[in-house]
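J.: Sharing a structure with you now.
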Amino acid sequence: MPLLLDPARAPALDELLAGTDTQGLEWRIAAPDGAPMPRIAGIGSLSSAGPQEIGFLSNPRYQRQLSETAAAAVIVPPDAEQAVAGMSPAPRFVRVVCPHPYLLYARMAQWFDAARRPAQAPGVHPSAVVAPDARLEPDVVVGPHCVIESGASIGRGTVLGPGCIVGRDTRIGPDGLLHARVTLYAGVRIGARVIIHSGAVLGADGFGFAPDSSRGRGAWAKIPQLGGVSVGDDVEIGANTTIDRGALEDTVIGHGVKLDNQIMIAHNVRIGEHTAMAACVGIAGSTTVGARCTIGGASMLSGHLTLADDVHISGGTAVTSSISRPGRYTGVYPYAEHGQW
Amino acid sequence: MPLLLDPARAPALDELLAGTDTQGLEWRIAAPDGAPMPRIAGIGSLSSAGPQEIGFLSNPRYQRQLSETAAAAVIVPPDAEQAVAGMSPAPRFVRVVCPHPYLLYARMAQWFDAARRPAQAPGVHPSAVVAPDARLEPDVVVGPHCVIESGASIGRGTVLGPGCIVGRDTRIGPDGLLHARVTLYAGVRIGARVIIHSGAVLGADGFGFAPDSSRGRGAWAKIPQLGGVSVGDDVEIGANTTIDRGALEDTVIGHGVKLDNQIMIAHNVRIGEHTAMAACVGIAGSTTVGARCTIGGASMLSGHLTLADDVHISGGTAVTSSISRPGRYTGVYPYAEHGQW
Amino acid sequence: MPLLLDPARAPALDELLAGTDTQGLEWRIAAPDGAPMPRIAGIGSLSSAGPQEIGFLSNPRYQRQLSETAAAAVIVPPDAEQAVAGMSPAPRFVRVVCPHPYLLYARMAQWFDAARRPAQAPGVHPSAVVAPDARLEPDVVVGPHCVIESGASIGRGTVLGPGCIVGRDTRIGPDGLLHARVTLYAGVRIGARVIIHSGAVLGADGFGFAPDSSRGRGAWAKIPQLGGVSVGDDVEIGANTTIDRGALEDTVIGHGVKLDNQIMIAHNVRIGEHTAMAACVGIAGSTTVGARCTIGGASMLSGHLTLADDVHISGGTAVTSSISRPGRYTGVYPYAEHGQW
């Protein structure tokens with residue numbers, strides 16, 4: 001993997017830490033005697049980081065890699081720092097000692113991500129089609145071929161990649177990031193600092209039909225979906241994920257929820273704060289998921305259920321009844337060699 | 001939830017019913033003595049509808065909510081009307097008595113949906129790219145950034161949202177509605193009154209490859225998919241659903257079929273009339289599904305199967321063999337607390 | 001199904017075979033005595049092919065259809081040719097005898113597919129938005145409403161359908177085909193002769209978050225995804241499939257890999273050469289799949305696993321542990337009539 005930054009632009013480790021958002025984190029630098037402060041041009045794992053990069057040790061299982069890493073610096077937890085101090089020969093890398101090395105890595109990666117991303121000048125690309133009565137804060141970025149319909153509003157600092165569509169009366173909060181080709185139907189409300197990936201569709205009609213034998217045996221009448229979608233602050237929504245609008249009330253995604261790719265959230269589902277779901281999860285209509293839950297990939301939840309806060313569902317599990325107690329729940333059919341199966 | 005209509009524009013209940021499509025439905029208004037005809041500005045559930053809205057009772061389980069609803073009017077079945085007539089104190093709401101309250105609710109919601117949707121002037125947005133030999137009826141609406149390729153035809157009354165792509169020689173019947181960013185490949189035929197949601201892709205190549213060891217161990221030769229996709233009348237197709245074109249014959253979606261989001265229909269599948277499928281269903285190649293079936297969410301059907309008419313598959317079921325008799329079929333692996341599992 | 005070609009343009013069978021790519025294939029024409037060389041205007045199955053079309057027999061199960069086919073010519077394996085020679089009355093169709101009839105059918109279908117596809121003049125559609133420093137070979141085709149960002153490069157002979165988005169510094173090899181509305185984020189590298197279908201998204205952020213209680217109970221910090229996506233030569237990627245970028249290293253798709261629709265490949269997955277996956281498969285992060293594997297539809301693979309070369313997973317199987325030996329593996333929960341279940 002190439003370096004994230006041109007080494008000539010790379011900050012010294014102490015500069016990097018000063019630039020990194022370390023709110024709520026304690027850290028200190030522990031250097032071998034006389035070691036200069038290294039310049040850091042990228043981040044890598046212990047096994048891949050080179051002499052211009054910083055690595056991190058977040059899982060004790062990889063501690064023995066410390067003796068072999070080529071990294072210029074390593075983020076380590078306090079107990080590993082003690083082990084490093086006793087290593088012989090003494091390692092050459094500088095340590096950043098922090099009780100939460102994985103979180104510090106995340107924050108430092110945010111610094112690199114911002115540093116390498118080219119600045120985008122505010123403004124509306126001339127190929128975009130924006131309704132005269134849409135309200136755009138002056139500093140928003142609207143990419144080529146976007147469409148912003150009547151009555152929509154886009155909060156300050158928000159960036160819309162190419163080809164995004166913002167339906168009638170839809171609102172996006174400040175500091176949002178819509179990657180290329182996100183579709184928001186009419187009447188969707190998005191909070192602050194929300195990230196949405198390409199191909200996501202918010203506000204399509206929920207799946208509602210009433211039997212209508214007056215139109216033929218087995219025929220269906222469409223039930224218009226008159227509710228909307230409400231998405232809280234600090235939510236991230238993955239590529240090609242779909243969140244349907246409600247039938248009469250809104251579908252609601254709480255603050256801080258993280259949704260991976262190709263997730264399907266049906267109408268009138270409610271997701272509690274900080275719940276995270278891996279890819280390919282499907283949640284049927286009117287189910288309520290609590291706060292701080294995790295749902296493993298390819299799980300499905302039936303409709304009209306209620307899951308308590310702090311419920312954790314293993315990947316591939318079909319949840320067909322409500323869960324009232326926190327805990328981990330699993331239901332994965334085992335596989336075997338075909339002949340044995 | 002806000003009211004659907006400005007109360008100043010709201011119709012009186014009898015006007016609303018006169019405007020609603022009640023074909024095939026019997027209904028009558030039963031008002032408390034001396035009650036005026038209320039104005040109705042929206043629809044809600046019994047628990048959420050306010051004094052300017054109409055509610056409905058379609059499930060007897062919720063009958064006791066009748067004594068507490070704030071709704072100005074309620075759609076009720078005849079047996080509930082008898083119960084209401086005997087309530088003490090007498091309820092203040094006006095009743096619309098109808099043997100099919102859920103269907104009447106659906107039809108009334110259709111009225112509200114049309115009433116609140118702004119009219120769209122016919123015409124092709126100047127940013128759309130339309131081939132000179134494409135045939136568009138004079139009253140169609142083509143949104144910004146649409147692309148309509150050579151030989152395509154769009155029937156009267158059809159609306160294409162922003163960013164739709166209509167491939168070469170593809171035909172769309174009258175009164176269709178393609179929401180933003182629907183992709184139709186070349187050679188797709190769509191019937192009348194079809195609704196397609198954003199991100200849906202019709203006519204991508206079916207997954208067909210022949211082993212070709214002449215190009216290397218394990219290599220594959222592409223089998224071009226020379227068939228098309230044929231979609232009947234009154235079909236609805238959900239967001240990010242994919243329907244592949246056939247290998248030699250067409251993939252066929254029958255009249256009145258309803259497909260939810262993120263469904264995958266492989267090449268040469270045939271779906272019978274009025275069959276409905278919930279989200280995340282996958283159907284492998286060359287399988288035939290009968291008429292009036294329902295397939296629950298996240299179910300999968302293997303390839304080359306035949307399902308009879310009136311088969312109902314529970315959500316999350318893997319159907320690996322043909323089904324020749326109507327009925328309900330289920331195969332969901334149970335889940336449990338992780339330790340017990 | 002209509003004929004693929006106007007019969008007036010149809011080649012004689014020997015001309016068709018001369019035009020077909022038969023590299024690595026042995027074949028010969030066996031005609032009834034005195035039979036003229038038929039003109040071939042299309043391909044069909046034995047049961048559907050008409051007197052201006054060629055059929056093929058690749059599965060011995062269908063051999064008895066030889067006596068009833070209306071096809072003008074049939075591709076048959078040598079053993080079937082012997083049976084045909086002994087049929088009484090002698091069949092009227094001309095045979096193309098080939099040990100690999102399915103592969104010859106695939107190659108012949110490629111000829112028809114090219115013959116019926118209208119030529120596209122090279123050039124960039126005026127509605128496309130191309131960064132001044134993007135590098136496009138002179139013969140590429142860039143469709144309407146495409147966006148090609150700074151530093152991107154498009155190899156010779158590559159065709160981009162309408163609405164494709166090619167992110168910053170992304171590279172596409174020669175002779176690629178991106179159907180309408182493919183999204184490539186920044187920093188994606190695509191090899192030669194790659195086909196990508198509509199709605200596919202390559203390079204969205206992998207799903208990476210670190211717990212960050214400093215921002216609230218249960219809150220998450222985003223881990224920027226600093227790796228890219230690398231796709232080899234001769235790969236095909238289906239509609240609405242998503243392949244996420246790596247966290248620190250690239251996500252890697254090997255040469256010759258074939259991915260169907262709605263597949264989800266998470267960050268840092270590595271797929272070996274010529275592996276094929278049917279629709280709706282999900283592979284969690286950092287799993288490695290070997291070469292020449294096949295993964296049946298709707299299967300899921302947990303994260304951090306390793307599958308050996310030549311592993312075959314039946315559709316609908318949840319693979320939750322590594323597999324070190326070639327073979328077929330299955331885990332599908334059986335279904336039954338609902339009452340019995």
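In the structure tokens, chains take letters A, B, ... by order of appearance, with residues numbered from 1 within each chain and ligands from 1 in the order shown.
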Excluding Ala114 of chain B and its own-chain neighbours fewer than 6 positions away, which residues fall within 12 Å of it when counting only C-alpha atoms? Please give them as a list in words.
T.: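 The residues that qualify are Pro224, Gln225 and Leu226 of chain A; Leu4, Leu5, Gly19, Thr20, Asp21, Arg107, Met108 and Gln120 of chain B.
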J.: Filtering to N, CA, C and O atoms, could you give me those residues as a PDB file, in the first residue's frame?
T.:
ATOM      1  N   PRO A 224     -51.083   3.817  -0.344  1.00  0.00           N
ATOM      2  CA  PRO A 224     -50.065   4.860  -0.430  1.00  0.00           C
ATOM      3  C   PRO A 224     -49.358   5.025   0.913  1.00  0.00           C
ATOM      4  O   PRO A 224     -49.983   4.896   1.976  1.00  0.00           O
ATOM      5  N   GLN A 225     -48.098   5.320   0.830  1.00  0.00           N
ATOM      6  CA  GLN A 225     -47.285   5.423   2.038  1.00  0.00           C
ATOM      7  C   GLN A 225     -47.129   6.909   2.336  1.00  0.00           C
ATOM      8  O   GLN A 225     -46.361   7.616   1.689  1.00  0.00           O
ATOM      9  N   LEU A 226     -47.884   7.359   3.324  1.00  0.00           N
ATOM     10  CA  LEU A 226     -48.051   8.789   3.570  1.00  0.00           C
ATOM     11  C   LEU A 226     -47.092   9.313   4.630  1.00  0.00           C
ATOM     12  O   LEU A 226     -47.021  10.525   4.847  1.00  0.00           O
TER      13      LEU A 226
ATOM     14  N   LEU B   4     -52.217  15.720   6.390  1.00  0.00           N
ATOM     15  CA  LEU B   4     -51.872  15.556   4.974  1.00  0.00           C
ATOM     16  C   LEU B   4     -52.277  16.767   4.154  1.00  0.00           C
ATOM     17  O   LEU B   4     -51.622  17.120   3.184  1.00  0.00           O
ATOM     18  N   LEU B   5     -53.379  17.379   4.550  1.00  0.00           N
ATOM     19  CA  LEU B   5     -53.877  18.531   3.793  1.00  0.00           C
ATOM     20  C   LEU B   5     -54.038  19.726   4.726  1.00  0.00           C
ATOM     21  O   LEU B   5     -54.317  19.562   5.919  1.00  0.00           O
ATOM     22  N   GLY B  19     -65.229  11.430  -3.715  1.00  0.00           N
ATOM     23  CA  GLY B  19     -64.016  11.531  -4.525  1.00  0.00           C
ATOM     24  C   GLY B  19     -63.198  10.258  -4.539  1.00  0.00           C
ATOM     25  O   GLY B  19     -62.424   9.996  -5.473  1.00  0.00           O
ATOM     26  N   THR B  20     -63.376   9.437  -3.512  1.00  0.00           N
ATOM     27  CA  THR B  20     -62.607   8.198  -3.410  1.00  0.00           C
ATOM     28  C   THR B  20     -63.124   7.160  -4.401  1.00  0.00           C
ATOM     29  O   THR B  20     -64.329   7.076  -4.635  1.00  0.00           O
ATOM     30  N   ASP B  21     -62.216   6.395  -4.946  1.00  0.00           N
ATOM     31  CA  ASP B  21     -62.591   5.284  -5.826  1.00  0.00           C
ATOM     32  C   ASP B  21     -63.173   4.175  -4.962  1.00  0.00           C
ATOM     33  O   ASP B  21     -62.452   3.448  -4.293  1.00  0.00           O
ATOM     34  N   ARG B 107     -58.022   2.842  -0.501  1.00  0.00           N
ATOM     35  CA  ARG B 107     -58.557   3.687  -1.570  1.00  0.00           C
ATOM     36  C   ARG B 107     -58.606   5.159  -1.145  1.00  0.00           C
ATOM     37  O   ARG B 107     -58.357   6.054  -1.942  1.00  0.00           O
ATOM     38  N   MET B 108     -58.955   5.383   0.116  1.00  0.00           N
ATOM     39  CA  MET B 108     -59.018   6.762   0.603  1.00  0.00           C
ATOM     40  C   MET B 108     -57.610   7.355   0.692  1.00  0.00           C
ATOM     41  O   MET B 108     -57.391   8.536   0.383  1.00  0.00           O
ATOM     42  N   GLN B 120     -47.562  17.740 -12.116  1.00  0.00           N
ATOM     43  CA  GLN B 120     -46.340  17.881 -12.895  1.00  0.00           C
ATOM     44  C   GLN B 120     -46.729  18.217 -14.322  1.00  0.00           C
ATOM     45  O   GLN B 120     -47.496  17.489 -14.953  1.00  0.00           O
TER      46      GLN B 120
END
J.: Starting from chain C, keep only residues with some atom at most 6 Å from an atom of chain B, counting only C-alpha atoms, and report them as a list in words.
T.: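 That gives the following set of residues: Gly24, Leu103, Ala106, Ala109, Gln110, Asp260, His274, Arg292, Pro334, Tyr335, Ala336, Glu337 and His338 of chain C.
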J.: If you keep N, CA, C and O atoms, can you produce a file of those selected residues as a PDB file, in the first residue's frame?
T.:
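And here's again_5.pdb as it stands now:
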ATOM      1  N   GLY C  24      -9.357 -23.181 -29.314  1.00  0.00           N
ATOM      2  CA  GLY C  24      -9.327 -24.251 -28.334  1.00  0.00           C
ATOM      3  C   GLY C  24     -10.451 -25.267 -28.489  1.00  0.00           C
ATOM      4  O   GLY C  24     -10.562 -26.190 -27.682  1.00  0.00           O
ATOM      5  N   LEU C 103     -19.879 -24.817 -24.491  1.00  0.00           N
ATOM      6  CA  LEU C 103     -18.908 -23.743 -24.726  1.00  0.00           C
ATOM      7  C   LEU C 103     -19.032 -23.196 -26.143  1.00  0.00           C
ATOM      8  O   LEU C 103     -18.958 -21.980 -26.358  1.00  0.00           O
ATOM      9  N   ALA C 106     -21.844 -20.894 -26.165  1.00  0.00           N
ATOM     10  CA  ALA C 106     -21.492 -19.601 -25.552  1.00  0.00           C
ATOM     11  C   ALA C 106     -20.741 -18.723 -26.555  1.00  0.00           C
ATOM     12  O   ALA C 106     -21.055 -17.535 -26.725  1.00  0.00           O
ATOM     13  N   ALA C 109     -23.055 -17.507 -29.261  1.00  0.00           N
ATOM     14  CA  ALA C 109     -23.920 -16.440 -28.735  1.00  0.00           C
ATOM     15  C   ALA C 109     -23.147 -15.126 -28.666  1.00  0.00           C
ATOM     16  O   ALA C 109     -23.720 -14.049 -28.884  1.00  0.00           O
ATOM     17  N   GLN C 110     -21.855 -15.214 -28.367  1.00  0.00           N
ATOM     18  CA  GLN C 110     -21.044 -13.984 -28.364  1.00  0.00           C
ATOM     19  C   GLN C 110     -21.020 -13.364 -29.761  1.00  0.00           C
ATOM     20  O   GLN C 110     -21.073 -12.144 -29.911  1.00  0.00           O
ATOM     21  N   ASP C 260     -22.326 -12.279  -9.436  1.00  0.00           N
ATOM     22  CA  ASP C 260     -23.708 -12.025  -9.849  1.00  0.00           C
ATOM     23  C   ASP C 260     -24.242 -10.756  -9.156  1.00  0.00           C
ATOM     24  O   ASP C 260     -23.481 -10.007  -8.551  1.00  0.00           O
ATOM     25  N   HIS C 274     -10.876 -16.793 -10.924  1.00  0.00           N
ATOM     26  CA  HIS C 274     -11.911 -17.625 -11.541  1.00  0.00           C
ATOM     27  C   HIS C 274     -12.964 -18.120 -10.561  1.00  0.00           C
ATOM     28  O   HIS C 274     -13.753 -19.014 -10.896  1.00  0.00           O
ATOM     29  N   ARG C 292     -10.938 -20.621  -8.078  1.00  0.00           N
ATOM     30  CA  ARG C 292     -11.813 -21.637  -8.674  1.00  0.00           C
ATOM     31  C   ARG C 292     -12.883 -22.139  -7.700  1.00  0.00           C
ATOM     32  O   ARG C 292     -13.359 -23.276  -7.811  1.00  0.00           O
ATOM     33  N   PRO C 334     -33.888 -27.430   6.190  1.00  0.00           N
ATOM     34  CA  PRO C 334     -34.979 -27.920   5.339  1.00  0.00           C
ATOM     35  C   PRO C 334     -36.301 -27.212   5.648  1.00  0.00           C
ATOM     36  O   PRO C 334     -36.542 -26.761   6.752  1.00  0.00           O
ATOM     37  N   TYR C 335     -37.143 -27.160   4.634  1.00  0.00           N
ATOM     38  CA  TYR C 335     -38.464 -26.560   4.819  1.00  0.00           C
ATOM     39  C   TYR C 335     -39.500 -27.664   4.749  1.00  0.00           C
ATOM     40  O   TYR C 335     -39.221 -28.789   4.323  1.00  0.00           O
ATOM     41  N   ALA C 336     -40.706 -27.335   5.163  1.00  0.00           N
ATOM     42  CA  ALA C 336     -41.786 -28.331   5.188  1.00  0.00           C
ATOM     43  C   ALA C 336     -43.112 -27.594   5.147  1.00  0.00           C
ATOM     44  O   ALA C 336     -43.159 -26.375   5.255  1.00  0.00           O
ATOM     45  N   GLU C 337     -44.174 -28.358   4.979  1.00  0.00           N
ATOM     46  CA  GLU C 337     -45.480 -27.718   5.130  1.00  0.00           C
ATOM     47  C   GLU C 337     -45.539 -27.083   6.510  1.00  0.00           C
ATOM     48  O   GLU C 337     -45.009 -27.630   7.489  1.00  0.00           O
ATOM     49  N   HIS C 338     -46.177 -25.939   6.585  1.00  0.00           N
ATOM     50  CA  HIS C 338     -46.079 -25.136   7.794  1.00  0.00           C
ATOM     51  C   HIS C 338     -46.518 -25.925   9.030  1.00  0.00           C
ATOM     52  O   HIS C 338     -45.891 -25.847  10.083  1.00  0.00           O
TER      53      HIS C 338
END
J.: Could you pull out the residues in segment 141-231 of chain B that DSSP calls strand (DSSP E or B) from the backbone, as a PyMOL selection string?
T.: chain B and resi 141-142+147-148+153-154+159-160+165-166+171-172+177-178+183-184+188-190+195-196+201-202+209-211+220-222+229-231
J.: Could you jot down the atom CA of Arg171 of chain B to atom CA of Ala152 of chain B separation for me, Å, one decimal place?
T.: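 Computed distance, atom CA of Arg171 of chain B to atom CA of Ala152 of chain B, equals 5.7 Å.
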J.: Using only C-alpha atoms, find the one residue out of C:Val124, C:Leu259, C:Met87, C:Val252 that sits nearest to Ile196 of chain C.
T.: C:Leu259
J.: Need the shell around Val269 of chain A: protein/DNA/RNA residues with any atom at most 7 Å away, counting only C-alpha atoms. Skip same-chain ones fewer than 6 positions apart. Format as number ranges by chain?
T.: A: 251-252, 285-288
J.: Rounded to one decimal, what separation in Å do you get between atom CA of Ala80 of chain C and atom CA of Pro11 of chain C?
T.: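 If I compute the distance from atom CA of Ala80 of chain C to atom CA of Pro11 of chain C, I get 25.2 Å.
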J.: Could you tell me how far atom CA of Pro162 of chain B sits from atom CA of Ala180 of chain B, in Å to one decimal place?
T.: 4.7 Å
J.: Select from segment 52-149 of chain A everything DSSP, run on the backbone, classes as helix (DSSP H, G or I), then give the selection as a ChimeraX atom specification.
T.: /A:60-67,78-85,101-116
J.: Given the selection you just returned, output its residues as a file containing C-alpha atoms, formatted as a PDB file, in the first residue's frame.
T.:
ATOM      1  CA  PRO A  60      -3.107  -8.629  22.620  1.00  0.00           C
ATOM      2  CA  ARG A  61      -2.969 -11.590  20.235  1.00  0.00           C
ATOM      3  CA  TYR A  62      -0.690  -9.616  17.942  1.00  0.00           C
ATOM      4  CA  GLN A  63       1.708  -8.473  20.685  1.00  0.00           C
ATOM      5  CA  ARG A  64       4.568 -10.667  19.461  1.00  0.00           C
ATOM      6  CA  GLN A  65       4.487  -8.739  16.157  1.00  0.00           C
ATOM      7  CA  LEU A  66       5.988  -5.839  18.101  1.00  0.00           C
ATOM      8  CA  SER A  67       9.415  -7.446  17.872  1.00  0.00           C
ATOM      9  CA  PRO A  78      -0.117   0.623  28.884  1.00  0.00           C
ATOM     10  CA  ASP A  79       0.440  -3.072  29.608  1.00  0.00           C
ATOM     11  CA  ALA A  80       2.108  -3.630  26.255  1.00  0.00           C
ATOM     12  CA  GLU A  81       4.299  -0.590  26.904  1.00  0.00           C
ATOM     13  CA  GLN A  82       5.653  -2.371  29.939  1.00  0.00           C
ATOM     14  CA  ALA A  83       6.434  -5.399  27.820  1.00  0.00           C
ATOM     15  CA  VAL A  84       8.113  -3.221  25.218  1.00  0.00           C
ATOM     16  CA  ALA A  85      10.229  -1.524  27.850  1.00  0.00           C
ATOM     17  CA  PRO A 101      -5.303   2.254  21.052  1.00  0.00           C
ATOM     18  CA  TYR A 102      -8.053   1.295  18.591  1.00  0.00           C
ATOM     19  CA  LEU A 103      -9.915   4.529  19.183  1.00  0.00           C
ATOM     20  CA  LEU A 104      -6.743   6.577  18.878  1.00  0.00           C
ATOM     21  CA  TYR A 105      -6.001   4.783  15.599  1.00  0.00           C
ATOM     22  CA  ALA A 106      -9.496   5.681  14.387  1.00  0.00           C
ATOM     23  CA  ARG A 107      -9.018   9.331  15.298  1.00  0.00           C
ATOM     24  CA  MET A 108      -5.576   9.461  13.706  1.00  0.00           C
ATOM     25  CA  ALA A 109      -6.951   7.851  10.545  1.00  0.00           C
ATOM     26  CA  GLN A 110      -9.554  10.631  10.494  1.00  0.00           C
ATOM     27  CA  TRP A 111      -6.706  13.144  10.494  1.00  0.00           C
ATOM     28  CA  PHE A 112      -5.018  11.408   7.541  1.00  0.00           C
ATOM     29  CA  ASP A 113      -8.295  11.075   5.684  1.00  0.00           C
ATOM     30  CA  ALA A 114      -8.923  14.812   5.947  1.00  0.00           C
ATOM     31  CA  ALA A 115      -5.311  15.659   5.097  1.00  0.00           C
ATOM     32  CA  ARG A 116      -5.307  13.703   1.861  1.00  0.00           C
TER      33      ARG A 116
END
J.: Just checking: using only C-alpha atoms, which residue out of C:Gly187, C:Val96, C:Ser47, C:Ser88 ends up closest to Leu13 of chain C?
T.: C:Val96
